[in-house]
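**Student:** Let me give you the structure first, and then I'll get to my questions.
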Amino acid sequence: MEAVSFEYKAYKPRPFTKEERPYTTILFGGLTFKHERLITGALENMGYKAKPLPNIERIDLDIGKEYIDVGACCPTTFTAGNLARTLMDIEKKEGREAVRDRYVFVTIGACGPCRFGQYHESYERVLEGLNLRDFRLFLLDLLQLEQSVEGGGLEISMPLTLGLVYAMFMGDLITDMEYATRPYEVKKGQTDQVVKDSVEVLYEKLKKRPIVGKKLGNFLWHIFTDYFVDALKEVKKLWDEIEVDRLQPKAKVKITGEFWLQTHEGDGNYNIKRWLEEQGAEVIPPPVAVWMDYLINMELFKLEDAKPFVKNYYLKKFAISFFAWLYRRTYDKLRKALNNIPNPLPSQRELKELARPYFYYRLTGGEGHMLIGKALYALKHKQAHMICELSPYGCLPNTMSVGAMAKVLADYPELLYAPIEIKGDSEVHAYSRCQMVLTEAKRRAKEEFEQALEKTGLSLEDIRDFEEKHPQLKRATYKVPNYGYAGTSANYVMHVAKLMGRLK
Amino acid sequence: MGFFDSLGMKVIFSSDTSEEQYRTYGKGRITMDSCFPVKALAGHIGELLHKDIDILFVPMIYSLPSFLRGHVMDTLCCTRVMMAPENIKAGFLKERDEFKERGIKYVSPFVPFGEPELLPKYLFESLKPAVEDLTYEEVVEAVREGFASLEEFDKSMREKSLEILRWCVKNNRPALLVLARPYHMDPGIGHEIDAELQLYGYPVLWYNYLPIDKWLLDWLGISLDISDVWTSSYSSNTNEIIWGAKFASRFPWITGVIRLSSYECGMDQPTFTPVQRIVESSGTLFFKFGELDETKPAGSVKIRVETIVYYLEKYSQDIIKKKLSRLREVPKELTL
């Protein structure tokens, strides 16, 4: 039968061949500069040229709106605008042919029907708008350990996947160190410098990572090696040099929300994490690793639901459970190298159970039930004084769990919860909404601190005197255990009291 | 209905969506900004609370039984629609348990039509606390009856669509195709825009009930595959809209497509350009009513409808000829 020819076809990139690899730069983006630098190291280690997109700027929102279909959520608009700005910049500096032949852009798709799974549709509008449909844009599947783009120019092999996983883990850990330290640093700016230095050390380590074995051999090497632990121990020495003053009661604010928005550090979320610190808060950043842990555990939960219909159920359950265990074990092993200052990953089963009365766990899309689970987890484990949930304007899944939070707040009126809708161009509104809840969180942090002083009978002078005799307490890498308070300063007072023999 | 009939349960539906229903029963229950189809759920739940019912059944429909299953990556429901019951429920619980107050059992099962083997399990677990003597076997049978009933309904609707298309062929009359979400059939959400057009004598078809007979698809040069025009085929309705656009772009007597989209629809947003381009690639007329919300924009709808009718009258015969020229002879099955 003769085929009927119609003009419209979905975008299909030209192949990216192995031969093109030496002179073709892989562009990517969407995470913090720390994660992106480490991912660059992992890619260079495998022989690729790689470059992250520049950090998101306010202008990307305007550029994005110009090219993509109306009504997009702000992460889509920002990231599409960022890609457009990058391509225009390359074209200006290196010419149109360079854009076409010497660069490719790689992005991931996930999240099913949510826009995160359809970002590339918006990126394609950018390419059309710039008349660059011959630029190559590749979409990878987040859940495939091994895959390849057409032409084999980019092959996601076991060594590369595991390199990227370690890059993600270490990016998370340095981010945790950063946010736990900066609010208390004595010498302003020292933390930022150490973050940069740490990232460079880890970048070099990733770039020089030995490639041992191919599949199973490589997998086993990554499980048993101390290569990354040693790298983090080296990094820890840099953090040892930072002196902190933990006798400053600060509201601890846990950031949750839509994946891109909560991870991002920049104009895309009004730089809200820095702003919170400026307002006297200590921020708990969201690790990328939690989301991957969620995806792994969802496979387990789905399997458990389908038990009567699954062949070799116990074998499959063991395999996924073992993989999930290995994932957390690796993360914990790396945390330990930094004296456990970075936060542990929350139990996914506990998050699911906490959220259960309010949000069914199989309703996947975005963070699913996790936003409710995380808020309740933080409350139950005295992890934070306040939750700041960053929701993109128009976000499909986030708006639904924000709505369900109405019942959570009715059941837990003590939970301080600030859902902030981010449009990208209304920061005063967002700050002001956050400020309202932050004021109460700060009051609670101060109250806890005073309670701890009263309970222990210590004065600030007593603690300062003790610190002088035990200077290791003032190191950023000194681990302060949790004594049932959310605030760092209150727990610190209790800890000093214990060391002084004041606590029974 | 097949499912509930099998269980011997009497079903009472809420009325069609309306601004009045939402204002009377739904306002104050919404705790976030959303599209109207989600917000409207509060009005429906609120209205049903005032009826003589024992169980309020609000399914969380995760995936749908699409005719494109097997040809696409998935057939998931809209993220918001599937999650909406959890969201809206909170509005009826945050101050006091209004379901309990009225002696109504709130039943909200997880419904994955895409995983039919799991359907009885989720439905049984959810219904059992409300219906004490219910057995799992009864639910299994009810699910089977439900699917049979759905299949029969789908078949009759596709036959009806084919009948209309045959009438268009026989009389050489143009028809319109609506590309929207299924909830736009609700007069309070779709604002009866399709009915306004029908008043001018144009048959209006809906994409989700188009005939899918092999002889017809072969003639049009399409299959149930949409990967040539849409690669992220996760969403059931999106996939069907895209497929409907392909059908419309090829079927000669569909000379105009009406796209309906609700305010803030994140499912529709990435599809705006592809759908329009697919439809227009063959010269078929494309009209969009976007940002639909709770208030019916009656005046502007009237003006738009008049404009659409003008274009249809002026260009339909040319479009039919042009599209026919790209196809082989009209199959005999269409001229019956």
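By order in the structure tokens, chains are A, B, ...; within a chain, residues start at 1; ligands start at 1, following the order shown.
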Considering only C-alpha atoms, return as a short mmCIF file (atom, residue, chain, number, x, y, z; two decimals) with all heavy atoms, in the first residue's frame whatever protein or nucleic-acid residues lie within 10 Å of Leu48 (chain B), sequence-local ones (same chain, fewer than 2 positions apart) excluded.

**Tutor:**
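Below you can see out.cif, which holds the result:
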data_model
loop_
_atom_site.label_atom_id
_atom_site.label_comp_id
_atom_site.auth_asym_id
_atom_site.auth_seq_id
_atom_site.Cartn_x
_atom_site.Cartn_y
_atom_site.Cartn_z
N ILE B 12 -25.93 6.06 42.31
CA ILE B 12 -26.48 7.42 42.14
C ILE B 12 -25.31 8.31 41.72
O ILE B 12 -24.28 8.35 42.40
CB ILE B 12 -27.09 7.94 43.46
CG1 ILE B 12 -28.31 7.09 43.82
CG2 ILE B 12 -27.43 9.42 43.37
CD1 ILE B 12 -28.91 7.41 45.18
N PHE B 13 -25.46 8.96 40.60
CA PHE B 13 -24.40 9.84 40.11
C PHE B 13 -24.62 11.26 40.60
O PHE B 13 -25.76 11.67 40.84
CB PHE B 13 -24.37 9.86 38.58
CG PHE B 13 -23.84 8.58 37.97
CD1 PHE B 13 -24.70 7.65 37.41
CD2 PHE B 13 -22.48 8.33 37.95
CE1 PHE B 13 -24.22 6.48 36.84
CE2 PHE B 13 -21.98 7.16 37.38
CZ PHE B 13 -22.86 6.23 36.83
N SER B 14 -23.55 12.01 40.69
CA SER B 14 -23.70 13.44 40.92
C SER B 14 -24.17 14.05 39.61
O SER B 14 -24.02 13.43 38.55
CB SER B 14 -22.37 14.05 41.35
OG SER B 14 -21.37 13.75 40.41
N SER B 15 -24.70 15.27 39.66
CA SER B 15 -25.20 15.88 38.41
C SER B 15 -24.03 16.40 37.58
O SER B 15 -22.88 16.39 38.03
CB SER B 15 -26.18 16.99 38.74
OG SER B 15 -25.67 17.81 39.75
N TYR B 25 -21.37 23.56 46.77
CA TYR B 25 -20.83 22.42 47.53
C TYR B 25 -19.30 22.35 47.60
O TYR B 25 -18.77 21.65 48.45
CB TYR B 25 -21.33 21.11 46.91
CG TYR B 25 -22.82 20.97 46.86
CD1 TYR B 25 -23.50 21.03 45.65
CD2 TYR B 25 -23.55 20.77 48.04
CE1 TYR B 25 -24.88 20.89 45.60
CE2 TYR B 25 -24.93 20.64 47.99
CZ TYR B 25 -25.58 20.69 46.77
OH TYR B 25 -26.94 20.54 46.73
N ALA B 42 -14.66 18.70 44.05
CA ALA B 42 -15.16 19.10 45.37
C ALA B 42 -16.67 19.33 45.32
O ALA B 42 -17.40 18.95 46.24
CB ALA B 42 -14.44 20.36 45.85
N GLY B 43 -17.13 19.93 44.23
CA GLY B 43 -18.57 20.17 44.08
C GLY B 43 -19.34 18.87 43.98
O GLY B 43 -20.42 18.72 44.56
N HIS B 44 -18.78 17.91 43.25
CA HIS B 44 -19.46 16.61 43.08
C HIS B 44 -19.52 15.85 44.40
O HIS B 44 -20.56 15.30 44.76
CB HIS B 44 -18.73 15.77 42.02
CG HIS B 44 -18.92 16.28 40.63
ND1 HIS B 44 -19.95 15.87 39.84
CD2 HIS B 44 -18.23 17.20 39.91
CE1 HIS B 44 -19.87 16.50 38.66
NE2 HIS B 44 -18.84 17.32 38.69
N ILE B 45 -18.39 15.83 45.12
CA ILE B 45 -18.37 15.12 46.41
C ILE B 45 -19.34 15.80 47.37
O ILE B 45 -20.15 15.15 48.04
CB ILE B 45 -16.94 15.09 46.98
CG1 ILE B 45 -16.06 14.15 46.14
CG2 ILE B 45 -16.94 14.65 48.45
CD1 ILE B 45 -14.61 14.04 46.59
N GLY B 46 -19.27 17.12 47.40
CA GLY B 46 -20.15 17.87 48.30
C GLY B 46 -21.62 17.62 47.98
O GLY B 46 -22.44 17.43 48.88
N HIS B 50 -25.05 15.20 50.15
CA HIS B 50 -26.43 15.60 50.46
C HIS B 50 -27.46 14.63 49.89
O HIS B 50 -28.64 14.91 49.91
CB HIS B 50 -26.70 17.02 49.93
CG HIS B 50 -25.97 18.06 50.72
ND1 HIS B 50 -24.63 18.34 50.53
CD2 HIS B 50 -26.37 18.85 51.74
CE1 HIS B 50 -24.26 19.27 51.37
NE2 HIS B 50 -25.29 19.60 52.13
N LYS B 51 -26.99 13.52 49.35
CA LYS B 51 -27.92 12.53 48.79
C LYS B 51 -28.01 11.31 49.70
O LYS B 51 -27.17 11.13 50.58
CB LYS B 51 -27.47 12.13 47.38
CG LYS B 51 -27.51 13.33 46.44
CD LYS B 51 -27.60 12.94 45.00
CE LYS B 51 -27.86 14.21 44.19
NZ LYS B 51 -27.99 14.04 42.81
N ASP B 52 -29.00 10.51 49.45
CA ASP B 52 -29.23 9.34 50.28
C ASP B 52 -28.34 8.18 49.81
O ASP B 52 -28.77 7.32 49.06
CB ASP B 52 -30.72 8.97 50.20
CG ASP B 52 -31.05 7.80 51.11
OD1 ASP B 52 -30.28 7.57 52.07
OD2 ASP B 52 -32.07 7.12 50.87
N ILE B 53 -27.10 8.22 50.25
CA ILE B 53 -26.17 7.16 49.82
C ILE B 53 -25.48 6.57 51.06
O ILE B 53 -25.39 7.21 52.10
CB ILE B 53 -25.10 7.70 48.84
CG1 ILE B 53 -24.34 8.90 49.44
CG2 ILE B 53 -25.70 8.07 47.51
CD1 ILE B 53 -23.12 9.31 48.66
N ILE B 55 -22.39 4.70 50.47
CA ILE B 55 -20.96 4.70 50.12
C ILE B 55 -20.69 5.81 49.11
O ILE B 55 -21.44 5.97 48.14
CB ILE B 55 -20.56 3.34 49.48
CG1 ILE B 55 -20.71 2.21 50.52
CG2 ILE B 55 -19.14 3.38 48.94
CD1 ILE B 55 -20.56 0.82 49.90
N LEU B 56 -19.64 6.56 49.35
CA LEU B 56 -19.22 7.55 48.36
C LEU B 56 -18.00 6.95 47.65
O LEU B 56 -16.96 6.74 48.27
CB LEU B 56 -18.86 8.87 49.04
CG LEU B 56 -18.48 10.03 48.13
CD1 LEU B 56 -19.61 10.35 47.17
CD2 LEU B 56 -18.16 11.25 48.95
N PHE B 57 -18.15 6.66 46.39
CA PHE B 57 -17.10 5.96 45.63
C PHE B 57 -16.34 6.97 44.78
O PHE B 57 -16.87 7.52 43.82
CB PHE B 57 -17.76 4.88 44.75
CG PHE B 57 -16.79 3.97 44.07
CD1 PHE B 57 -16.18 2.93 44.76
CD2 PHE B 57 -16.50 4.13 42.73
CE1 PHE B 57 -15.29 2.07 44.12
CE2 PHE B 57 -15.61 3.28 42.08
CZ PHE B 57 -15.01 2.25 42.77
N ILE B 104 -21.70 8.36 55.93
CA ILE B 104 -21.33 7.87 54.59
C ILE B 104 -19.92 7.31 54.63
O ILE B 104 -19.01 7.93 55.18
CB ILE B 104 -21.44 9.02 53.56
CG1 ILE B 104 -22.91 9.42 53.39
CG2 ILE B 104 -20.82 8.62 52.23
CD1 ILE B 104 -23.14 10.67 52.58
#

**Student:** With a cut-off of 8 Å, could you pull out the residues of chain A touching chain B and give me the nearest pair of atoms for each, distance in Å to one decimal, using only C-alpha atoms, ordered by chain and ascending number, as JSON lines?

**Tutor:**
{"residue": "A:Glu2", "atom": "CA", "partner": "B:Gly221", "partner_atom": "CA", "distance": 7.8}
{"residue": "A:Ala3", "atom": "CA", "partner": "B:Gly221", "partner_atom": "CA", "distance": 5.7}
{"residue": "A:Val4", "atom": "CA", "partner": "B:Gly221", "partner_atom": "CA", "distance": 5.6}
{"residue": "A:Phe6", "atom": "CA", "partner": "B:Ser281", "partner_atom": "CA", "distance": 6.2}
{"residue": "A:Glu7", "atom": "CA", "partner": "B:Ser281", "partner_atom": "CA", "distance": 5.6}
{"residue": "A:Tyr8", "atom": "CA", "partner": "B:Ile278", "partner_atom": "CA", "distance": 5.5}
{"residue": "A:Lys9", "atom": "CA", "partner": "B:Val229", "partner_atom": "CA", "distance": 4.9}
{"residue": "A:Ala10", "atom": "CA", "partner": "B:Val229", "partner_atom": "CA", "distance": 4.2}
{"residue": "A:Tyr11", "atom": "CA", "partner": "B:Val229", "partner_atom": "CA", "distance": 7.9}
{"residue": "A:Asp69", "atom": "CA", "partner": "B:Gln269", "partner_atom": "CA", "distance": 6.3}
{"residue": "A:Val70", "atom": "CA", "partner": "B:Gln269", "partner_atom": "CA", "distance": 6.8}
{"residue": "A:Gly71", "atom": "CA", "partner": "B:Gln269", "partner_atom": "CA", "distance": 6.1}
{"residue": "A:Ala72", "atom": "CA", "partner": "B:Gln269", "partner_atom": "CA", "distance": 6.3}
{"residue": "A:Cys73", "atom": "CA", "partner": "B:Gly266", "partner_atom": "CA", "distance": 7.6}
{"residue": "A:Gly112", "atom": "CA", "partner": "B:Tyr234", "partner_atom": "CA", "distance": 5.5}
{"residue": "A:Pro113", "atom": "CA", "partner": "B:Ser235", "partner_atom": "CA", "distance": 5.1}
{"residue": "A:Cys114", "atom": "CA", "partner": "B:Thr79", "partner_atom": "CA", "distance": 6.4}
{"residue": "A:Arg115", "atom": "CA", "partner": "B:Gly266", "partner_atom": "CA", "distance": 6.9}
{"residue": "A:Gly117", "atom": "CA", "partner": "B:Ser232", "partner_atom": "CA", "distance": 7.0}
{"residue": "A:Gln118", "atom": "CA", "partner": "B:Ser232", "partner_atom": "CA", "distance": 6.2}
{"residue": "A:Glu121", "atom": "CA", "partner": "B:Pro270", "partner_atom": "CA", "distance": 6.1}
{"residue": "A:Ser122", "atom": "CA", "partner": "B:Pro270", "partner_atom": "CA", "distance": 6.5}
{"residue": "A:Ala306", "atom": "CA", "partner": "B:Leu118", "partner_atom": "CA", "distance": 6.7}
{"residue": "A:Phe309", "atom": "CA", "partner": "B:Glu117", "partner_atom": "CA", "distance": 7.6}
{"residue": "A:Tyr358", "atom": "CA", "partner": "B:Glu86", "partner_atom": "CA", "distance": 6.5}
{"residue": "A:Phe359", "atom": "CA", "partner": "B:Glu86", "partner_atom": "CA", "distance": 5.8}
{"residue": "A:Tyr360", "atom": "CA", "partner": "B:Glu86", "partner_atom": "CA", "distance": 7.7}
{"residue": "A:Arg362", "atom": "CA", "partner": "B:Phe110", "partner_atom": "CA", "distance": 7.8}
{"residue": "A:Leu363", "atom": "CA", "partner": "B:Met83", "partner_atom": "CA", "distance": 6.3}
{"residue": "A:Thr364", "atom": "CA", "partner": "B:Thr79", "partner_atom": "CA", "distance": 7.6}
{"residue": "A:Gly365", "atom": "CA", "partner": "B:Thr79", "partner_atom": "CA", "distance": 6.1}
{"residue": "A:Gly394", "atom": "CA", "partner": "B:Glu264", "partner_atom": "CA", "distance": 6.1}
{"residue": "A:Cys395", "atom": "CA", "partner": "B:Gly266", "partner_atom": "CA", "distance": 7.3}
{"residue": "A:Leu396", "atom": "CA", "partner": "B:Arg80", "partner_atom": "CA", "distance": 5.5}
{"residue": "A:Pro397", "atom": "CA", "partner": "B:Thr79", "partner_atom": "CA", "distance": 5.8}
{"residue": "A:Thr399", "atom": "CA", "partner": "B:Met32", "partner_atom": "CA", "distance": 6.3}
{"residue": "A:Met400", "atom": "CA", "partner": "B:Asn87", "partner_atom": "CA", "distance": 5.3}
{"residue": "A:Ser401", "atom": "CA", "partner": "B:Asn87", "partner_atom": "CA", "distance": 6.4}
{"residue": "A:Val402", "atom": "CA", "partner": "B:Met32", "partner_atom": "CA", "distance": 6.9}
{"residue": "A:Gly403", "atom": "CA", "partner": "B:Asn87", "partner_atom": "CA", "distance": 4.8}
{"residue": "A:Ala404", "atom": "CA", "partner": "B:Asn87", "partner_atom": "CA", "distance": 4.3}
{"residue": "A:Met405", "atom": "CA", "partner": "B:Ala90", "partner_atom": "CA", "distance": 7.4}
{"residue": "A:Ala406", "atom": "CA", "partner": "B:Ala90", "partner_atom": "CA", "distance": 5.8}
{"residue": "A:Lys407", "atom": "CA", "partner": "B:Lys94", "partner_atom": "CA", "distance": 4.6}
{"residue": "A:Val408", "atom": "CA", "partner": "B:Lys94", "partner_atom": "CA", "distance": 8.0}
{"residue": "A:Leu409", "atom": "CA", "partner": "B:Lys94", "partner_atom": "CA", "distance": 7.9}
{"residue": "A:Ala410", "atom": "CA", "partner": "B:Lys94", "partner_atom": "CA", "distance": 5.4}
{"residue": "A:Asp411", "atom": "CA", "partner": "B:Lys94", "partner_atom": "CA", "distance": 8.0}

**Student:** Please, what distance in Å, to one decimal, runs between CA of Tyr106 (chain B) and CA of Val131 (chain B)?

**Tutor:**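 Taking CA of Tyr106 (chain B) and CA of Val131 (chain B), their separation equals 11.6 Å.
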
**Student:** Can you pull out every residue within 9 Å of region 419-425 of chain A, counting only C-alpha atoms, but drop anything in the same chain fewer than 6 positions away, and send it as a PyMOL selection string?

**Tutor:** chain A and resi 58+61+73-75+78+257+261+267-270+387-394+402+431+433-434

**Student:** Can those selected residues be exported to a file as a PDB file, in the first residue's frame so that it contains C-alpha atoms?

**Tutor:**
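Output (out34.pdb):
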ATOM      1  CA  ARG A  58      16.356  35.058  35.431  1.00  0.00           C
ATOM      2  CA  LEU A  61      12.610  32.390  32.008  1.00  0.00           C
ATOM      3  CA  CYS A  73       5.716  25.056  34.507  1.00  0.00           C
ATOM      4  CA  CYS A  74       8.689  27.150  35.580  1.00  0.00           C
ATOM      5  CA  PRO A  75      11.302  24.328  35.573  1.00  0.00           C
ATOM      6  CA  PHE A  78      13.807  27.927  32.823  1.00  0.00           C
ATOM      7  CA  GLY A 257       9.310  20.115  46.655  1.00  0.00           C
ATOM      8  CA  LEU A 261      13.161  23.268  41.967  1.00  0.00           C
ATOM      9  CA  ASP A 267      17.528  32.324  40.116  1.00  0.00           C
ATOM     10  CA  GLY A 268      15.226  29.415  39.209  1.00  0.00           C
ATOM     11  CA  ASN A 269      14.022  29.225  42.811  1.00  0.00           C
ATOM     12  CA  TYR A 270      14.890  32.807  43.795  1.00  0.00           C
ATOM     13  CA  ILE A 387       9.322  22.633  55.974  1.00  0.00           C
ATOM     14  CA  CYS A 388       9.705  24.869  52.961  1.00  0.00           C
ATOM     15  CA  GLU A 389       8.123  23.139  49.982  1.00  0.00           C
ATOM     16  CA  LEU A 390       9.015  24.566  46.606  1.00  0.00           C
ATOM     17  CA  SER A 391       6.263  24.011  44.067  1.00  0.00           C
ATOM     18  CA  PRO A 392       6.468  25.192  40.501  1.00  0.00           C
ATOM     19  CA  TYR A 393       3.514  27.179  39.299  1.00  0.00           C
ATOM     20  CA  GLY A 394       1.266  24.732  37.476  1.00  0.00           C
ATOM     21  CA  VAL A 402       0.016  20.483  48.682  1.00  0.00           C
ATOM     22  CA  TYR A 431       9.996  35.492  50.289  1.00  0.00           C
ATOM     23  CA  ARG A 433       5.181  33.916  52.365  1.00  0.00           C
ATOM     24  CA  CYS A 434       8.225  32.033  53.589  1.00  0.00           C
TER      25      CYS A 434
END

**Student:** Which residue is closest to Ser126 (chain B)? Choose from B:Val58, B:Arg158, B:Glu19, B:Phe113 and count only C-alpha atoms.

**Tutor:**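 Distance minimum relative to Ser126 (chain B) lands on B:Val58.
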
**Student:** Which parts of region 96-330 of chain B does DSSP call alpha helix (DSSP H) when run on the backbone here, written out as a ChimeraX atom specification?

**Tutor:** /B:98-101,119-127,136-171,187-190,193-198,214-220,236-250,272-280,298-325

**Student:** CA of Ile156 (chain A) to CA of Tyr103 (chain A): how many Å, to one decimal?

**Tutor:**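 Computing it gives 17.6 Å between the two atoms.
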